[in-house]
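Reproduced below: final10.cif, with mmCIF, C-alpha atoms and all ligand atoms.
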```cif
data_start
#
loop_
_atom_site.group_PDB
_atom_site.id
_atom_site.type_symbol
_atom_site.label_atom_id
_atom_site.label_comp_id
_atom_site.auth_asym_id
_atom_site.auth_seq_id
_atom_site.Cartn_x
_atom_site.Cartn_y
_atom_site.Cartn_z
ATOM 1 C CA MET H 13 35.114 -54.106 -27.961
ATOM 2 C CA THR H 14 35.306 -55.013 -31.672
ATOM 3 C CA LEU H 15 36.053 -52.076 -33.971
ATOM 4 C CA ALA H 16 33.907 -51.325 -37.014
ATOM 5 C CA PRO H 17 35.536 -51.124 -40.454
ATOM 6 C CA PHE H 18 35.649 -47.537 -41.731
ATOM 7 C CA GLY H 19 32.505 -46.283 -43.469
ATOM 8 C CA ARG H 20 29.242 -48.019 -44.237
ATOM 9 C CA ARG H 21 28.873 -51.129 -46.374
ATOM 10 C CA LEU H 22 26.113 -52.903 -48.266
ATOM 11 C CA ALA H 23 24.803 -56.136 -46.805
ATOM 12 C CA PRO H 24 22.333 -58.288 -48.787
ATOM 13 C CA LEU H 25 19.301 -59.551 -46.870
ATOM 14 C CA VAL H 26 19.035 -63.344 -47.025
ATOM 15 C CA GLU H 27 16.060 -63.884 -44.719
ATOM 16 C CA ASN H 28 13.071 -61.958 -43.398
ATOM 17 C CA ARG H 29 10.659 -63.872 -41.188
ATOM 18 C CA ARG H 30 8.143 -63.170 -38.469
ATOM 19 C CA VAL H 31 8.881 -64.341 -34.951
ATOM 20 C CA GLY H 32 5.522 -63.678 -33.303
ATOM 21 C CA ALA H 33 5.139 -59.904 -32.935
ATOM 22 C CA TYR H 34 8.701 -59.251 -34.112
ATOM 23 C CA THR H 35 10.630 -59.428 -37.396
ATOM 24 C CA LEU H 36 13.896 -61.306 -37.810
ATOM 25 C CA LEU H 37 16.257 -60.007 -40.506
ATOM 26 C CA VAL H 38 19.355 -61.995 -41.486
ATOM 27 C CA ALA H 39 21.972 -60.238 -43.639
ATOM 28 C CA GLU H 40 25.245 -61.366 -45.191
ATOM 29 C CA ASP H 41 28.137 -59.257 -43.881
ATOM 30 C CA PRO H 42 31.289 -60.637 -45.512
ATOM 31 C CA GLY H 43 33.093 -57.271 -45.079
ATOM 32 C CA GLY H 44 32.461 -56.998 -41.327
ATOM 33 C CA PRO H 45 34.298 -58.495 -38.356
ATOM 34 C CA PRO H 46 33.107 -62.026 -37.449
ATOM 35 C CA ASP H 47 33.252 -61.385 -33.712
ATOM 36 C CA PRO H 48 31.153 -58.375 -32.635
ATOM 37 C CA ARG H 49 30.702 -58.285 -28.815
ATOM 38 C CA PRO H 50 27.202 -59.067 -27.588
ATOM 39 C CA GLY H 51 25.660 -55.695 -26.698
ATOM 40 C CA GLN H 52 27.352 -53.840 -29.561
ATOM 41 C CA PHE H 53 25.048 -52.390 -32.210
ATOM 42 C CA TYR H 54 24.838 -51.487 -35.896
ATOM 43 C CA MET H 55 23.328 -48.453 -37.641
ATOM 44 C CA LEU H 56 20.970 -49.737 -40.355
ATOM 45 C CA ALA H 57 19.209 -48.226 -43.338
ATOM 46 C CA THR H 58 17.784 -49.759 -46.504
ATOM 47 C CA GLU H 59 19.622 -49.051 -49.779
ATOM 48 C CA GLU H 60 16.337 -48.150 -51.509
ATOM 49 C CA GLY H 61 13.260 -46.364 -50.225
ATOM 50 C CA TRP H 62 14.778 -45.012 -47.026
ATOM 51 C CA GLY H 63 12.792 -41.806 -46.717
ATOM 52 C CA ALA H 64 9.324 -40.439 -46.524
ATOM 53 C CA GLY H 65 8.683 -40.370 -50.275
ATOM 54 C CA GLU H 66 9.560 -38.998 -53.711
ATOM 55 C CA GLY H 67 11.743 -35.864 -53.462
ATOM 56 C CA GLU H 68 11.775 -35.914 -49.646
ATOM 57 C CA ARG H 69 14.834 -36.185 -47.401
ATOM 58 C CA PRO H 70 15.990 -39.679 -46.426
ATOM 59 C CA HIS H 71 15.733 -40.881 -42.817
ATOM 60 C CA LEU H 72 18.768 -41.116 -40.581
ATOM 61 C CA PRO H 73 19.957 -44.690 -40.077
ATOM 62 C CA ARG H 74 18.503 -46.453 -37.017
ATOM 63 C CA ALA H 75 20.386 -48.291 -34.219
ATOM 64 C CA PHE H 76 19.931 -52.050 -33.684
ATOM 65 C CA SER H 77 21.688 -54.529 -31.437
ATOM 66 C CA PHE H 78 22.761 -57.609 -33.347
ATOM 67 C CA ALA H 79 20.933 -60.674 -32.079
ATOM 68 C CA ARG H 80 23.289 -63.290 -33.497
ATOM 69 C CA ALA H 81 26.500 -63.371 -35.574
ATOM 70 C CA ARG H 82 27.086 -66.664 -37.309
ATOM 71 C CA GLU H 83 28.954 -67.786 -40.466
ATOM 72 C CA GLY H 84 29.372 -64.245 -41.832
ATOM 73 C CA ARG H 85 25.700 -63.451 -41.233
ATOM 74 C CA LEU H 86 24.138 -60.969 -38.815
ATOM 75 C CA TRP H 87 20.714 -61.434 -37.230
ATOM 76 C CA PHE H 88 18.599 -58.468 -36.169
ATOM 77 C CA LEU H 89 15.321 -58.774 -34.279
ATOM 78 C CA LEU H 90 13.118 -55.730 -34.582
ATOM 79 C CA GLU H 91 9.819 -54.310 -33.523
ATOM 80 C CA ASP H 92 7.900 -52.223 -36.076
ATOM 81 C CA ILE H 93 7.171 -49.010 -34.149
ATOM 82 C CA GLY H 94 7.702 -46.240 -36.721
ATOM 83 C CA PRO H 95 8.787 -45.418 -40.276
ATOM 84 C CA GLY H 96 12.353 -46.807 -40.077
ATOM 85 C CA THR H 97 11.504 -50.102 -38.405
ATOM 86 C CA HIS H 98 8.464 -50.435 -40.701
ATOM 87 C CA ARG H 99 10.585 -50.097 -43.851
ATOM 88 C CA LEU H 100 13.141 -52.566 -42.485
ATOM 89 C CA ALA H 101 10.418 -55.050 -41.537
ATOM 90 C CA GLU H 102 9.004 -55.055 -45.085
ATOM 91 C CA MET H 103 12.397 -55.648 -46.777
ATOM 92 C CA GLY H 104 12.472 -58.430 -49.331
ATOM 93 C CA GLU H 105 15.179 -61.062 -49.558
ATOM 94 C CA GLY H 106 17.857 -59.870 -52.024
ATOM 95 C CA GLU H 107 17.395 -56.200 -51.071
ATOM 96 C CA ASN H 108 20.431 -54.484 -49.537
ATOM 97 C CA LEU H 109 20.957 -52.956 -46.122
ATOM 98 C CA TRP H 110 23.361 -50.085 -45.535
ATOM 99 C CA LEU H 111 25.165 -51.129 -42.389
ATOM 100 C CA THR H 112 27.751 -49.493 -40.098
ATOM 101 C CA GLY H 113 29.224 -51.350 -37.151
ATOM 102 C CA PRO H 114 29.749 -52.989 -34.808
ATOM 103 C CA LEU H 115 29.590 -49.849 -32.651
ATOM 104 C CA GLY H 116 29.807 -49.080 -28.940
ATOM 105 C CA ILE H 117 30.851 -51.156 -25.958
ATOM 106 C CA GLY H 118 29.229 -54.538 -25.379
ATOM 107 C CA PHE H 119 28.834 -56.841 -22.362
ATOM 108 C CA GLU H 120 31.935 -57.918 -20.450
ATOM 109 C CA GLU H 121 32.584 -61.589 -19.812
ATOM 110 C CA PRO H 122 31.078 -62.703 -16.483
ATOM 111 C CA ALA H 123 32.928 -63.208 -13.215
ATOM 112 C CA GLY H 124 30.100 -65.130 -11.523
ATOM 113 C CA ARG H 125 26.884 -66.976 -12.407
ATOM 114 C CA PRO H 126 25.380 -65.071 -15.352
ATOM 115 C CA LEU H 127 21.686 -64.209 -15.217
ATOM 116 C CA LEU H 128 20.328 -62.882 -18.512
ATOM 117 C CA VAL H 129 17.255 -60.698 -18.023
ATOM 118 C CA GLY H 130 15.409 -59.373 -21.079
ATOM 119 C CA GLY H 131 12.241 -57.393 -21.650
ATOM 120 C CA GLY H 132 10.410 -57.258 -24.997
ATOM 121 C CA ILE H 133 12.615 -56.388 -27.957
ATOM 122 C CA GLY H 134 15.447 -56.010 -25.401
ATOM 123 C CA THR H 135 15.842 -59.778 -25.608
ATOM 124 C CA ALA H 136 17.789 -59.283 -28.884
ATOM 125 C CA PRO H 137 21.316 -58.681 -27.477
ATOM 126 C CA LEU H 138 20.849 -61.457 -24.900
ATOM 127 C CA LEU H 139 20.490 -64.068 -27.637
ATOM 128 C CA CYS H 140 24.087 -63.626 -28.861
ATOM 129 C CA LEU H 141 25.232 -63.438 -25.237
ATOM 130 C CA GLN H 142 23.640 -66.845 -24.594
ATOM 131 C CA ASP H 143 25.300 -68.153 -27.792
ATOM 132 C CA GLU H 144 28.628 -67.140 -26.229
ATOM 133 C CA LEU H 145 27.951 -68.354 -22.664
ATOM 134 C CA GLY H 146 26.246 -71.608 -23.619
ATOM 135 C CA PRO H 147 22.772 -73.054 -23.067
ATOM 136 C CA ASP H 148 23.243 -73.432 -19.299
ATOM 137 C CA ALA H 149 23.228 -69.653 -18.754
ATOM 138 C CA LYS H 150 19.972 -68.785 -16.973
ATOM 139 C CA VAL H 151 17.599 -66.676 -19.104
ATOM 140 C CA LEU H 152 14.636 -64.725 -17.674
ATOM 141 C CA LEU H 153 12.398 -63.009 -20.226
ATOM 142 C CA GLY H 154 9.404 -60.712 -19.898
ATOM 143 C CA PHE H 155 6.898 -59.917 -22.677
ATOM 144 C CA ARG H 156 3.563 -58.177 -23.170
ATOM 145 C CA SER H 157 1.778 -61.247 -24.583
ATOM 146 C CA ALA H 158 2.137 -64.746 -26.052
ATOM 147 C CA ASP H 159 2.736 -63.245 -29.511
ATOM 148 C CA HIS H 160 5.753 -61.269 -28.240
ATOM 149 C CA ALA H 161 6.950 -64.246 -26.165
ATOM 150 C CA GLU H 162 7.556 -66.178 -29.429
ATOM 151 C CA ALA H 163 11.011 -64.527 -29.320
ATOM 152 C CA ALA H 164 11.887 -66.911 -26.476
ATOM 153 C CA THR H 165 11.888 -69.785 -29.010
ATOM 154 C CA LEU H 166 15.131 -68.371 -30.465
ATOM 155 C CA PHE H 167 16.978 -69.166 -27.203
ATOM 156 C CA ALA H 168 18.554 -72.534 -26.425
ATOM 157 C CA GLY H 169 17.096 -74.530 -23.531
ATOM 158 C CA GLU H 170 14.173 -73.476 -21.331
ATOM 159 C CA SER H 171 13.924 -69.758 -20.576
ATOM 160 C CA GLN H 172 11.791 -68.602 -17.643
ATOM 161 C CA ILE H 173 9.042 -66.387 -19.021
ATOM 162 C CA ALA H 174 6.758 -63.757 -17.507
ATOM 163 C CA THR H 175 3.986 -61.986 -19.431
ATOM 164 C CA ASP H 176 1.966 -58.868 -18.662
ATOM 165 C CA ASP H 177 -1.289 -60.640 -19.574
ATOM 166 C CA GLY H 178 -0.437 -64.068 -18.130
ATOM 167 C CA SER H 179 -0.880 -65.759 -21.536
ATOM 168 C CA VAL H 180 2.499 -67.541 -21.258
ATOM 169 C CA GLY H 181 4.639 -68.301 -18.206
ATOM 170 C CA LYS H 182 4.090 -66.384 -15.000
ATOM 171 C CA HIS H 183 1.580 -63.509 -14.870
ATOM 172 C CA ALA H 184 4.189 -61.047 -13.576
ATOM 173 C CA LEU H 185 6.945 -58.655 -14.491
ATOM 174 C CA VAL H 186 10.317 -60.192 -15.366
ATOM 175 C CA THR H 187 11.844 -58.370 -12.387
ATOM 176 C CA GLU H 188 9.731 -60.611 -10.132
ATOM 177 C CA LEU H 189 11.455 -63.647 -11.689
ATOM 178 C CA LEU H 190 14.780 -61.909 -11.092
ATOM 179 C CA ARG H 191 13.988 -61.219 -7.430
ATOM 180 C CA GLU H 192 13.195 -64.935 -6.921
ATOM 181 C CA GLU H 193 16.325 -66.088 -8.746
ATOM 182 C CA LEU H 194 19.013 -63.677 -7.447
ATOM 183 C CA GLN H 195 21.794 -65.267 -5.377
ATOM 184 C CA PRO H 196 25.114 -63.952 -4.050
ATOM 185 C CA GLY H 197 27.793 -64.390 -6.742
ATOM 186 C CA ASP H 198 25.404 -63.667 -9.648
ATOM 187 C CA VAL H 199 26.162 -61.197 -12.419
ATOM 188 C CA VAL H 200 23.107 -59.715 -14.140
ATOM 189 C CA TYR H 201 23.042 -58.857 -17.858
ATOM 190 C CA SER H 202 19.955 -56.969 -18.868
ATOM 191 C CA CYS H 203 18.272 -55.116 -21.713
ATOM 192 C CA GLY H 204 14.698 -53.896 -21.940
ATOM 193 C CA PRO H 205 12.481 -50.843 -21.583
ATOM 194 C CA PRO H 206 13.663 -48.025 -19.288
ATOM 195 C CA ALA H 207 11.244 -48.780 -16.426
ATOM 196 C CA MET H 208 12.352 -52.407 -16.365
ATOM 197 C CA LEU H 209 16.052 -51.495 -16.429
ATOM 198 C CA GLU H 210 15.515 -49.033 -13.588
ATOM 199 C CA ALA H 211 13.898 -51.850 -11.553
ATOM 200 C CA VAL H 212 16.839 -54.179 -12.398
ATOM 201 C CA ARG H 213 19.297 -51.453 -11.383
ATOM 202 C CA ALA H 214 17.517 -50.949 -8.042
ATOM 203 C CA LEU H 215 17.360 -54.727 -7.354
ATOM 204 C CA ALA H 216 21.065 -55.132 -8.133
ATOM 205 C CA GLU H 217 21.867 -52.260 -5.768
ATOM 206 C CA GLU H 218 19.634 -53.701 -3.024
ATOM 207 C CA HIS H 219 21.335 -57.128 -3.284
ATOM 208 C CA ASP H 220 24.833 -55.727 -3.933
ATOM 209 C CA ILE H 221 25.058 -57.695 -7.204
ATOM 210 C CA PRO H 222 26.970 -56.399 -10.256
ATOM 211 C CA ALA H 223 24.754 -55.708 -13.270
ATOM 212 C CA GLN H 224 25.500 -54.669 -16.812
ATOM 213 C CA LEU H 225 22.618 -52.874 -18.491
ATOM 214 C CA ALA H 226 22.275 -52.299 -22.244
ATOM 215 C CA LEU H 227 20.536 -48.908 -22.441
ATOM 216 C CA GLU H 228 18.823 -47.112 -25.308
ATOM 217 C CA SER H 229 18.545 -43.492 -26.263
ATOM 218 C CA GLY H 230 17.782 -41.746 -29.521
ATOM 219 C CA MET H 231 20.887 -42.029 -31.734
ATOM 220 C CA ALA H 232 21.394 -39.786 -34.750
ATOM 221 C CA CYS H 233 25.005 -40.582 -35.716
ATOM 222 C CA GLY H 234 26.051 -43.653 -33.682
ATOM 223 C CA PHE H 235 29.729 -42.667 -33.449
ATOM 224 C CA GLY H 236 30.038 -39.838 -30.942
ATOM 225 C CA ALA H 237 29.574 -36.738 -33.104
ATOM 226 C CA CYS H 238 26.067 -35.411 -32.373
ATOM 227 C CA PHE H 239 25.711 -35.734 -28.553
ATOM 228 C CA GLY H 240 22.096 -36.743 -29.133
ATOM 229 C CA CYS H 241 22.423 -39.874 -27.020
ATOM 230 C CA VAL H 242 23.761 -38.558 -23.694
ATOM 231 C CA VAL H 243 22.627 -40.141 -20.405
ATOM 232 C CA PRO H 244 23.483 -39.030 -16.859
ATOM 233 C CA THR H 245 25.829 -41.178 -14.717
ATOM 234 C CA ARG H 246 27.494 -40.713 -11.317
ATOM 235 C CA ASN H 247 30.521 -39.393 -13.262
ATOM 236 C CA GLY H 248 28.606 -36.920 -15.413
ATOM 237 C CA TYR H 249 26.971 -37.328 -18.815
ATOM 238 C CA ILE H 250 28.170 -40.025 -21.217
ATOM 239 C CA ARG H 251 27.482 -40.571 -24.918
ATOM 240 C CA LEU H 252 25.729 -43.901 -25.012
ATOM 241 C CA CYS H 253 26.901 -44.729 -28.557
ATOM 242 C CA VAL H 254 30.609 -44.661 -27.644
ATOM 243 C CA ASP H 255 30.666 -45.057 -23.818
ATOM 244 C CA GLY H 256 27.816 -47.639 -23.914
ATOM 245 C CA PRO H 257 25.265 -48.867 -24.781
ATOM 246 C CA VAL H 258 26.266 -51.336 -22.052
ATOM 247 C CA VAL H 259 26.779 -49.520 -18.746
ATOM 248 C CA GLU H 260 27.560 -50.784 -15.233
ATOM 249 C CA ALA H 261 24.421 -50.390 -13.120
ATOM 250 C CA ALA H 262 26.525 -49.064 -10.227
ATOM 251 C CA ASP H 263 27.596 -46.106 -12.412
ATOM 252 C CA LEU H 264 24.008 -44.979 -12.962
ATOM 253 C CA VAL H 265 22.158 -42.513 -10.818
ATOM 254 C CA PRO H 266 18.826 -43.741 -9.392
ATOM 255 C CA GLY H 267 16.168 -42.948 -11.988
ATOM 256 C CA GLY H 268 18.837 -42.151 -14.600
ATOM 257 C CA VAL H 269 18.067 -45.147 -16.834
ATOM 258 C CA GLY H 270 14.936 -43.664 -18.330
ATOM 259 C CA HIS H 271 16.042 -40.045 -18.365
HETATM 260 C C1 LIG H 301 21.854 -49.215 -28.995
HETATM 261 C C2 LIG H 301 20.450 -49.468 -29.481
HETATM 262 C C3 LIG H 301 20.067 -50.753 -29.819
HETATM 263 C C4 LIG H 301 18.757 -50.994 -30.277
HETATM 264 N N1 LIG H 301 18.427 -52.275 -30.619
HETATM 265 C C5 LIG H 301 17.189 -52.525 -31.116
HETATM 266 C C6 LIG H 301 16.835 -53.847 -31.527
HETATM 267 O O1 LIG H 301 17.627 -54.803 -31.435
HETATM 268 N N2 LIG H 301 15.594 -54.032 -32.042
HETATM 269 C C7 LIG H 301 14.687 -52.993 -32.169
HETATM 270 O O2 LIG H 301 13.568 -53.205 -32.656
HETATM 271 N N3 LIG H 301 14.994 -51.745 -31.776
HETATM 272 C C8 LIG H 301 16.221 -51.482 -31.268
HETATM 273 N N4 LIG H 301 16.555 -50.208 -30.895
HETATM 274 C C9 LIG H 301 15.532 -49.143 -31.042
HETATM 275 C C10 LIG H 301 15.458 -48.684 -32.487
HETATM 276 O O3 LIG H 301 16.625 -47.960 -32.811
HETATM 277 C C11 LIG H 301 14.226 -47.777 -32.647
HETATM 278 O O4 LIG H 301 13.074 -48.561 -32.462
HETATM 279 C C12 LIG H 301 14.172 -47.180 -34.044
HETATM 280 O O5 LIG H 301 15.191 -46.216 -34.192
HETATM 281 C C13 LIG H 301 12.836 -46.525 -34.269
HETATM 282 O O6 LIG H 301 12.851 -45.955 -35.565
HETATM 283 P P1 LIG H 301 11.490 -45.718 -36.352
HETATM 284 O O7 LIG H 301 11.793 -44.860 -37.517
HETATM 285 O O8 LIG H 301 10.813 -47.026 -36.628
HETATM 286 O O9 LIG H 301 10.561 -44.973 -35.334
HETATM 287 P P2 LIG H 301 10.698 -43.414 -34.761
HETATM 288 O O10 LIG H 301 9.597 -42.681 -35.471
HETATM 289 O O11 LIG H 301 12.078 -42.974 -34.942
HETATM 290 O O12 LIG H 301 10.353 -43.711 -33.308
HETATM 291 C C14 LIG H 301 9.078 -44.182 -32.880
HETATM 292 C C15 LIG H 301 8.911 -43.828 -31.414
HETATM 293 O O13 LIG H 301 9.921 -44.497 -30.615
HETATM 294 C C16 LIG H 301 10.729 -43.536 -29.929
HETATM 295 N N5 LIG H 301 12.128 -43.996 -30.044
HETATM 296 C C17 LIG H 301 12.808 -44.224 -31.178
HETATM 297 N N6 LIG H 301 14.052 -44.648 -30.916
HETATM 298 C C18 LIG H 301 14.163 -44.686 -29.576
HETATM 299 C C19 LIG H 301 15.198 -45.029 -28.672
HETATM 300 N N7 LIG H 301 16.388 -45.448 -29.094
HETATM 301 N N8 LIG H 301 14.949 -44.919 -27.342
HETATM 302 C C20 LIG H 301 13.755 -44.528 -26.893
HETATM 303 N N9 LIG H 301 12.716 -44.191 -27.699
HETATM 304 C C21 LIG H 301 12.930 -44.261 -29.026
HETATM 305 C C22 LIG H 301 10.519 -42.227 -30.649
HETATM 306 O O14 LIG H 301 10.672 -41.123 -29.768
HETATM 307 C C23 LIG H 301 9.090 -42.341 -31.125
HETATM 308 O O15 LIG H 301 8.188 -42.015 -30.108
HETATM 309 C C24 LIG H 301 17.825 -49.927 -30.410
HETATM 310 C C25 LIG H 301 18.225 -48.637 -30.072
HETATM 311 C C26 LIG H 301 19.505 -48.401 -29.603
HETATM 312 C C27 LIG H 301 19.907 -47.004 -29.246
HETATM 313 S S1 LIG H 302 24.427 -40.885 -31.422
HETATM 314 FE FE1 LIG H 302 25.589 -39.147 -31.985
HETATM 315 S S2 LIG H 302 26.883 -38.863 -30.241
HETATM 316 FE FE2 LIG H 302 25.817 -40.696 -29.807
#
```
Can I see the file as structure tokens?
Amino acid sequence: MTLAPFGRRLAPLVENRRVGAYTLLVAEDPGGPPDPRPGQFYMLATEEGWGAGEGERPHLPRAFSFARAREGRLWFLLEDIGPGTHRLAEMGEGENLWLTGPLGIGFEEPAGRPLLVGGGIGTAPLLCLQDELGPDAKVLLGFRSADHAEAATLFAGESQIATDDGSVGKHALVTELLREELQPGDVVYSCGPPAMLEAVRALAEEHDIPAQLALESGMACGFGACFGCVVPTRNGYIRLCVDGPVVEAADLVPGGVGH
């Protein structure tokens, strides 16, 4: 785990570009640690215009996994699904981000053949994990359509792709690719929507394979104060922002991923 510097800091945006259905933001972060762990996250807000309008209250910052950390710059891949992600996606180069992080516990280094399994925007934290493990690490990605599958171009080497509509790769769910690929000695690293992570958890249990899952829940503070992000585990409830977001699949109760 890499610890965040105290307080939030301003980070100038140096790039905003579309990657198919998603938006890639690259920000300078000279004041932050150069070595966040893949799977850790940052709380982001824009310096200007972070709120519903004139005289209205600002939004809370939003949680994002970093997708890449390179040469003092942080990459974030995001999907525009609501007011916060929309404002971030329309940021212009030279605008500033308010940024806190890196927060939470990331992926542990593998003791076996790593299999990286991502779904949709959940591919983001697997990109920096592949940067760390090298291009030979096997990557299985699932997307809704060809437009979303553009995110696979950010990865090194050839990823195996499944799409819901069959427009790219196999017409299947990514968990079908995982079922075909799983071998004894594998370690699964996964991030994606709750239903997909629940299927990955169940497959890992069935094959007795260790799996580390990067979960999501609504996060208001990001540092353990609000208890808004709790998820159930075999050992009781945990706060995902400080005890996760990466959790051992074996610690989760069946069905507990998408609580
Ligand atoms: C640890 C972590 C890492 C994340 N990494 C990324 C990332 O790399 N890229 C990315 O695009 N998004 C990521 N997210 C999700 C991102 O935080 C939300 O999409 C964002 O907060 C939505 O804000 P909004 O104002 O655009 O929409 P809101 O209006 O806040 O939300 C739109 C809809 O999405 C639902 N929603 C919002 N946040 C979550 C959540 N965390 N879990 C489940 N449902 C939610 C809301 O209930 C609502 O229905 C991450 C979340 C967490 C907790
Ligand atoms: S987001 Fe506040 S305790 Fe986790």
- Pick the closest to ligand LIG 301 (chain H) from H:His183, H:Lys150, H:Arg30, H:His71: which is it, counting only C-alpha atoms and all ligand atoms? H:His71
- Task: Convert the output of the PyMOL selection byres (((not hetatm)) within 8 of (chain H and resi 302)) on the shown file into explicit residues, formatted as a ChimeraX atom specification.
- Result: /H:230-242,251-254
Please build the interface table for chain H against ligand LIG 301 (chain H) with a cut-off of 9 Å, listing for each qualifying residue the nearest atom pair and the distance in Å to one decimal; count only C-alpha atoms and all ligand atoms, order rows by chain and increasing number, and write it as CSV.
```
residue,atom,partner,partner_atom,distance
H:Tyr34,CA,H:LIG301,O2,7.9
H:Thr35,CA,H:LIG301,O2,8.4
H:Gly51,CA,H:LIG301,C1,7.9
H:Gln52,CA,H:LIG301,C1,7.2
H:Phe53,CA,H:LIG301,C1,5.5
H:Tyr54,CA,H:LIG301,C3,7.8
H:Met55,CA,H:LIG301,O3,8.3
H:Leu56,CA,H:LIG301,O3,8.9
H:His71,CA,H:LIG301,O7,7.7
H:Leu72,CA,H:LIG301,O7,8.5
H:Pro73,CA,H:LIG301,O5,7.7
H:Arg74,CA,H:LIG301,O5,4.4
H:Ala75,CA,H:LIG301,O3,4.0
H:Phe76,CA,H:LIG301,N1,3.4
H:Ser77,CA,H:LIG301,N1,4.0
H:Phe78,CA,H:LIG301,O1,6.2
H:Ala79,CA,H:LIG301,O1,6.8
H:Phe88,CA,H:LIG301,O1,6.1
H:Leu89,CA,H:LIG301,N2,5.3
H:Leu90,CA,H:LIG301,O2,3.2
H:Glu91,CA,H:LIG301,O2,4.0
H:Asp92,CA,H:LIG301,O8,6.0
H:Ile93,CA,H:LIG301,O8,4.8
H:Gly94,CA,H:LIG301,O8,3.2
H:Pro95,CA,H:LIG301,O7,4.1
H:Gly96,CA,H:LIG301,O7,3.3
H:Thr97,CA,H:LIG301,O8,3.6
H:His98,CA,H:LIG301,O8,5.8
H:Arg99,CA,H:LIG301,O8,7.9
H:Leu100,CA,H:LIG301,O8,8.4
H:Leu115,CA,H:LIG301,C1,8.6
H:Gly116,CA,H:LIG301,C1,8.0
H:Ile133,CA,H:LIG301,N2,5.6
H:Gly134,CA,H:LIG301,O1,6.5
H:Thr135,CA,H:LIG301,O1,7.9
H:Ala136,CA,H:LIG301,O1,5.2
H:Pro137,CA,H:LIG301,O1,6.7
H:Pro205,CA,H:LIG301,C20,8.3
H:Pro206,CA,H:LIG301,C20,8.4
H:Ala226,CA,H:LIG301,C1,7.4
H:Leu227,CA,H:LIG301,C1,6.7
H:Glu228,CA,H:LIG301,C27,4.1
H:Ser229,CA,H:LIG301,N8,4.0
H:Gly230,CA,H:LIG301,N7,4.0
H:Met231,CA,H:LIG301,C27,5.6
H:Ala232,CA,H:LIG301,O5,9.0
H:Gly234,CA,H:LIG301,C27,8.3
H:Cys241,CA,H:LIG301,C27,7.9
H:Leu252,CA,H:LIG301,C1,7.7
H:Cys253,CA,H:LIG301,C1,6.8
H:Gly256,CA,H:LIG301,C1,8.0
H:Pro257,CA,H:LIG301,C1,5.4
H:Val258,CA,H:LIG301,C1,8.5
H:Gly270,CA,H:LIG301,C20,8.7
```
- Got a sec: who's within 10 Å of H:Gln195, counting only C-alpha atoms, leaving out chain neighbours fewer than 4 positions off, as a VMD selection string? chain H and resid 125 127 190 to 191 199 219 221
Residues from last step as file, C-alpha atoms, as a PDB file, in the frame of the given file:
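So out32.pdb came out as:
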```pdb
ATOM      1  CA  ARG H 125      26.884 -66.976 -12.407  1.00  0.00           C
ATOM      2  CA  LEU H 127      21.686 -64.209 -15.217  1.00  0.00           C
ATOM      3  CA  LEU H 190      14.780 -61.909 -11.092  1.00  0.00           C
ATOM      4  CA  ARG H 191      13.988 -61.219  -7.430  1.00  0.00           C
ATOM      5  CA  VAL H 199      26.162 -61.197 -12.419  1.00  0.00           C
ATOM      6  CA  HIS H 219      21.335 -57.128  -3.284  1.00  0.00           C
ATOM      7  CA  ILE H 221      25.058 -57.695  -7.204  1.00  0.00           C
TER       8      ILE H 221
END
```
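Distances to H:Cys140 were evaluated for H:Asp47, H:Gly154, H:Gly32, H:Leu209 using all atoms listed in the file, and the minimum falls at H:Asp47.
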- Nearest to H:Leu128 among H:Leu22, H:Cys203, H:Ala184, H:Leu166, with distances taken over all atoms listed in the file: which residue is it? H:Cys203
- Item | Atom pair atom CA of H:Ala262 / atom CA of H:Asp148: separation (Å) | 26.2 Å
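Picked by the PyMOL selection byres (((chain H and resi 161-164) around 8) and not hetatm) from the coordinates shown: Val31, Gly32, Ala33, Tyr34, Gly132, Thr135, Leu153, Gly154, Phe155, Arg156, Ser157, Ala158, Asp159, His160, Thr165, Leu166, Phe167, Ser171, Ile173, Thr175 and Val180 of chain H.
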For the residues in the current selection, export C-alpha atoms as a PDB file, keeping the file's coordinate frame.
```pdb
ATOM      1  CA  VAL H  31       8.881 -64.341 -34.951  1.00  0.00           C
ATOM      2  CA  GLY H  32       5.522 -63.678 -33.303  1.00  0.00           C
ATOM      3  CA  ALA H  33       5.139 -59.904 -32.935  1.00  0.00           C
ATOM      4  CA  TYR H  34       8.701 -59.251 -34.112  1.00  0.00           C
ATOM      5  CA  GLY H 132      10.410 -57.258 -24.997  1.00  0.00           C
ATOM      6  CA  THR H 135      15.842 -59.778 -25.608  1.00  0.00           C
ATOM      7  CA  LEU H 153      12.398 -63.009 -20.226  1.00  0.00           C
ATOM      8  CA  GLY H 154       9.404 -60.712 -19.898  1.00  0.00           C
ATOM      9  CA  PHE H 155       6.898 -59.917 -22.677  1.00  0.00           C
ATOM     10  CA  ARG H 156       3.563 -58.177 -23.170  1.00  0.00           C
ATOM     11  CA  SER H 157       1.778 -61.247 -24.583  1.00  0.00           C
ATOM     12  CA  ALA H 158       2.137 -64.746 -26.052  1.00  0.00           C
ATOM     13  CA  ASP H 159       2.736 -63.245 -29.511  1.00  0.00           C
ATOM     14  CA  HIS H 160       5.753 -61.269 -28.240  1.00  0.00           C
ATOM     15  CA  THR H 165      11.888 -69.785 -29.010  1.00  0.00           C
ATOM     16  CA  LEU H 166      15.131 -68.371 -30.465  1.00  0.00           C
ATOM     17  CA  PHE H 167      16.978 -69.166 -27.203  1.00  0.00           C
ATOM     18  CA  SER H 171      13.924 -69.758 -20.576  1.00  0.00           C
ATOM     19  CA  ILE H 173       9.042 -66.387 -19.021  1.00  0.00           C
ATOM     20  CA  THR H 175       3.986 -61.986 -19.431  1.00  0.00           C
ATOM     21  CA  VAL H 180       2.499 -67.541 -21.258  1.00  0.00           C
TER      22      VAL H 180
END
```
